[in-house]
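**Student:** Just dropping this structure here.
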Amino acid sequence: MRAVIYFTIIIALFIAAYFIFFKPQEKAEKAEDLIYEQPMQKGAVRTIQIEAKTMLQALYQKEAAYHAMNGAYTDDIGELSYMLSGRYYELTVRSATADAFIAEARGNIDNDITEDVWRIDHNGKLTNIVDDVSN
């Protein structure tokens, strides 16, 4: 009889754990999908652009350190041990030579056809090439 009671308690615990740990995540994912399907306000989109700036500034630091050690810049992000990844932007090094580099962050931050494009160069100059917020 005790075995049946213990078995029932264990099954009840598994069922409770399922509803506690798995069901809320499904609801959160659905809520997140609804948020991103709605048009974003201009201020919220401007805040998202901070991701591109942060990623590019971190890449600039990595490129500067790489240049100091190797005498040249690299177009291989893997050689830089760059660990940041973005939710909205994809990062690439467009060109790299011994004396200069240009890196780019590109992403569609407000679900229209225009991509937001940011660039940084070897001098640390950060430029918004295509502003997805105003287009």
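We label chains A, B, ... in the order they appear in the structure tokens, count residues from 1 in each chain, and number ligands from 1 in the order shown.
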Can you pull out the residues contacting Asp99 (chain A)? Cut-off 10 Å, using only C-alpha atoms, and skip same-chain residues under 2 positions away; I want them as a list in words.
**Tutor:** His67, Gly71, Ala72, Tyr73, Ala96, Thr97, Phe101 and His122 of chain A
**Student:** Write out as a PyMOL selection string all residues of region 46-95 of chain A that DSSP puts in strand (DSSP E) for this structure's backbone.
**Tutor:** chain A and resi 90-95
**Student:** Hey, can you check how far CA of Met69 (chain A) sits from CA of Tyr82 (chain A)?
**Tutor:** 15.8 Å
**Student:** Please provide as a PyMOL selection string all residues within 7 Å of Tyr89 (chain A), with the sequence filter that same-chain residues fewer than 6 positions apart are discarded (counting only C-alpha atoms).
**Tutor:** chain A and resi 52+105-107
**Student:** Select, from A:Lys125, A:Tyr88, A:Glu115, A:Arg94, the residue with the minimum atom-to-atom distance to Thr47 (chain A), counting only C-alpha atoms.
**Tutor:**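 Using only C-alpha atoms, the shortest distance to Thr47 (chain A) belongs to A:Tyr88.
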**Student:** Pick from A:Asn123, A:Thr114, A:Thr8, A:Asn128: nearest to Ala64 (chain A), with only C-alpha atoms counted?
**Tutor:**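 When distances to Ala64 (chain A) are compared using only C-alpha atoms, the smallest one comes from A:Asn123.
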**Student:** In Å, how far is it from CA of Val93 (chain A) to CA of Thr74 (chain A)?
**Tutor:**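 A separation of 8.0 Å between them.
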**Student:** Compare A:Lys62, A:Val45, A:Arg2, A:Ser95 by their minimum atom-to-atom distance to Glu79 (chain A), counting only C-alpha atoms, and give me the closest one.
**Tutor:**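 Among the listed residues, A:Lys62 lies closest to Glu79 (chain A).
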**Student:** Taking only C-alpha atoms into account, which of A:Asp131, A:Lys53, A:Glu104, A:Asp110 comes nearest Ile77 (chain A)?
**Tutor:**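 Of A:Asp131, A:Lys53, A:Glu104, A:Asp110, the one nearest Ile77 (chain A), counting only C-alpha atoms, is A:Glu104.
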**Student:** Which of these residues is nearest to Gly124 (chain A), using only C-alpha atoms: A:Gln57, A:Thr92, A:Gln49, A:Ser81?
**Tutor:** A:Gln57
**Student:** Between A:Ala103, A:Ile50, A:Leu59, A:Ile5, which residue has the minimum interatomic distance to Leu84 (chain A), considering only C-alpha atoms?
**Tutor:**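 Looking only at the distances to Leu84 (chain A), the closest residue turns out to be A:Leu59.
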**Student:** Do you have the CA of Gly86 (chain A)-CA of Tyr66 (chain A) distance handy?
**Tutor:** 21.8 Å
**Student:** Which residues in region 34-133 of chain A does DSSP call helix (DSSP H, G or I)? List them as a PyMOL selection string.
**Tutor:** chain A and resi 34-37+42-70+77-80
**Student:** Residues of the last selection are to be written out with N, CA and C atoms, as a tab-separated table (two decimals), in the first residue's frame.
**Tutor:**
chain	number	residue	atom	x	y	z
A	34	LEU	N	4.05	37.93	-30.01
A	34	LEU	CA	3.06	38.97	-30.20
A	34	LEU	C	3.68	40.36	-30.13
A	35	ILE	N	4.63	40.55	-29.22
A	35	ILE	CA	5.28	41.85	-29.07
A	35	ILE	C	6.00	42.23	-30.35
A	36	TYR	N	6.74	41.29	-30.96
A	36	TYR	CA	7.54	41.62	-32.13
A	36	TYR	C	6.74	41.66	-33.43
A	37	GLU	N	5.51	41.17	-33.40
A	37	GLU	CA	4.67	41.28	-34.58
A	37	GLU	C	4.05	42.67	-34.68
A	42	LYS	N	9.10	54.59	-32.41
A	42	LYS	CA	10.39	55.13	-32.83
A	42	LYS	C	11.42	55.11	-31.70
A	43	GLY	N	11.01	55.46	-30.49
A	43	GLY	CA	11.94	55.47	-29.36
A	43	GLY	C	12.46	54.08	-29.03
A	44	ALA	N	11.60	53.07	-29.12
A	44	ALA	CA	12.02	51.70	-28.85
A	44	ALA	C	13.02	51.23	-29.89
A	45	VAL	N	12.80	51.61	-31.13
A	45	VAL	CA	13.71	51.21	-32.21
A	45	VAL	C	15.06	51.90	-32.03
A	46	ARG	N	15.06	53.16	-31.64
A	46	ARG	CA	16.31	53.87	-31.37
A	46	ARG	C	17.11	53.18	-30.26
A	47	THR	N	16.40	52.66	-29.27
A	47	THR	CA	17.07	51.94	-28.19
A	47	THR	C	17.73	50.67	-28.72
A	48	ILE	N	17.09	50.00	-29.65
A	48	ILE	CA	17.64	48.78	-30.23
A	48	ILE	C	18.94	49.09	-30.98
A	49	GLN	N	19.07	50.28	-31.53
A	49	GLN	CA	20.28	50.65	-32.25
A	49	GLN	C	21.51	50.65	-31.35
A	50	ILE	N	21.31	50.73	-30.05
A	50	ILE	CA	22.44	50.67	-29.12
A	50	ILE	C	23.17	49.34	-29.27
A	51	GLU	N	22.44	48.29	-29.63
A	51	GLU	CA	23.06	46.98	-29.84
A	51	GLU	C	24.13	47.07	-30.92
A	52	ALA	N	23.82	47.70	-32.04
A	52	ALA	CA	24.78	47.82	-33.13
A	52	ALA	C	25.99	48.63	-32.69
A	53	LYS	N	25.76	49.72	-32.01
A	53	LYS	CA	26.86	50.57	-31.55
A	53	LYS	C	27.78	49.81	-30.59
A	54	THR	N	27.17	49.10	-29.65
A	54	THR	CA	27.94	48.34	-28.66
A	54	THR	C	28.76	47.25	-29.32
A	55	MET	N	28.14	46.51	-30.23
A	55	MET	CA	28.85	45.42	-30.92
A	55	MET	C	30.02	45.97	-31.73
A	56	LEU	N	29.80	47.07	-32.43
A	56	LEU	CA	30.87	47.63	-33.26
A	56	LEU	C	31.99	48.23	-32.41
A	57	GLN	N	31.66	48.87	-31.31
A	57	GLN	CA	32.70	49.42	-30.45
A	57	GLN	C	33.53	48.31	-29.81
A	58	ALA	N	32.89	47.21	-29.44
A	58	ALA	CA	33.64	46.06	-28.91
A	58	ALA	C	34.54	45.46	-29.98
A	59	LEU	N	34.03	45.38	-31.20
A	59	LEU	CA	34.84	44.86	-32.30
A	59	LEU	C	36.03	45.79	-32.58
A	60	TYR	N	35.81	47.09	-32.50
A	60	TYR	CA	36.89	48.06	-32.67
A	60	TYR	C	38.01	47.81	-31.66
A	61	GLN	N	37.65	47.57	-30.41
A	61	GLN	CA	38.64	47.29	-29.37
A	61	GLN	C	39.43	46.02	-29.70
A	62	LYS	N	38.71	44.99	-30.16
A	62	LYS	CA	39.37	43.72	-30.52
A	62	LYS	C	40.30	43.91	-31.72
A	63	GLU	N	39.86	44.66	-32.72
A	63	GLU	CA	40.69	44.93	-33.89
A	63	GLU	C	41.95	45.73	-33.51
A	64	ALA	N	41.79	46.72	-32.62
A	64	ALA	CA	42.93	47.52	-32.19
A	64	ALA	C	43.96	46.64	-31.47
A	65	ALA	N	43.50	45.75	-30.62
A	65	ALA	CA	44.40	44.84	-29.92
A	65	ALA	C	45.08	43.88	-30.90
A	66	TYR	N	44.31	43.38	-31.86
A	66	TYR	CA	44.87	42.48	-32.87
A	66	TYR	C	45.94	43.20	-33.69
A	67	HIS	N	45.66	44.44	-34.08
A	67	HIS	CA	46.61	45.24	-34.86
A	67	HIS	C	47.89	45.50	-34.07
A	68	ALA	N	47.77	45.76	-32.79
A	68	ALA	CA	48.94	46.01	-31.95
A	68	ALA	C	49.83	44.77	-31.86
A	69	MET	N	49.22	43.60	-31.87
A	69	MET	CA	50.00	42.36	-31.74
A	69	MET	C	50.52	41.84	-33.07
A	70	ASN	N	49.78	42.10	-34.17
A	70	ASN	CA	50.11	41.48	-35.46
A	70	ASN	C	50.53	42.47	-36.55
A	77	ILE	N	36.48	37.45	-37.94
A	77	ILE	CA	36.02	37.74	-36.58
A	77	ILE	C	36.45	36.64	-35.62
A	78	GLY	N	36.56	35.42	-36.11
A	78	GLY	CA	37.00	34.31	-35.27
A	78	GLY	C	38.40	34.51	-34.71
A	79	GLU	N	39.29	35.14	-35.46
A	79	GLU	CA	40.65	35.40	-34.99
A	79	GLU	C	40.66	36.42	-33.85
A	80	LEU	N	39.61	37.20	-33.74
A	80	LEU	CA	39.55	38.24	-32.72
A	80	LEU	C	39.01	37.74	-31.39
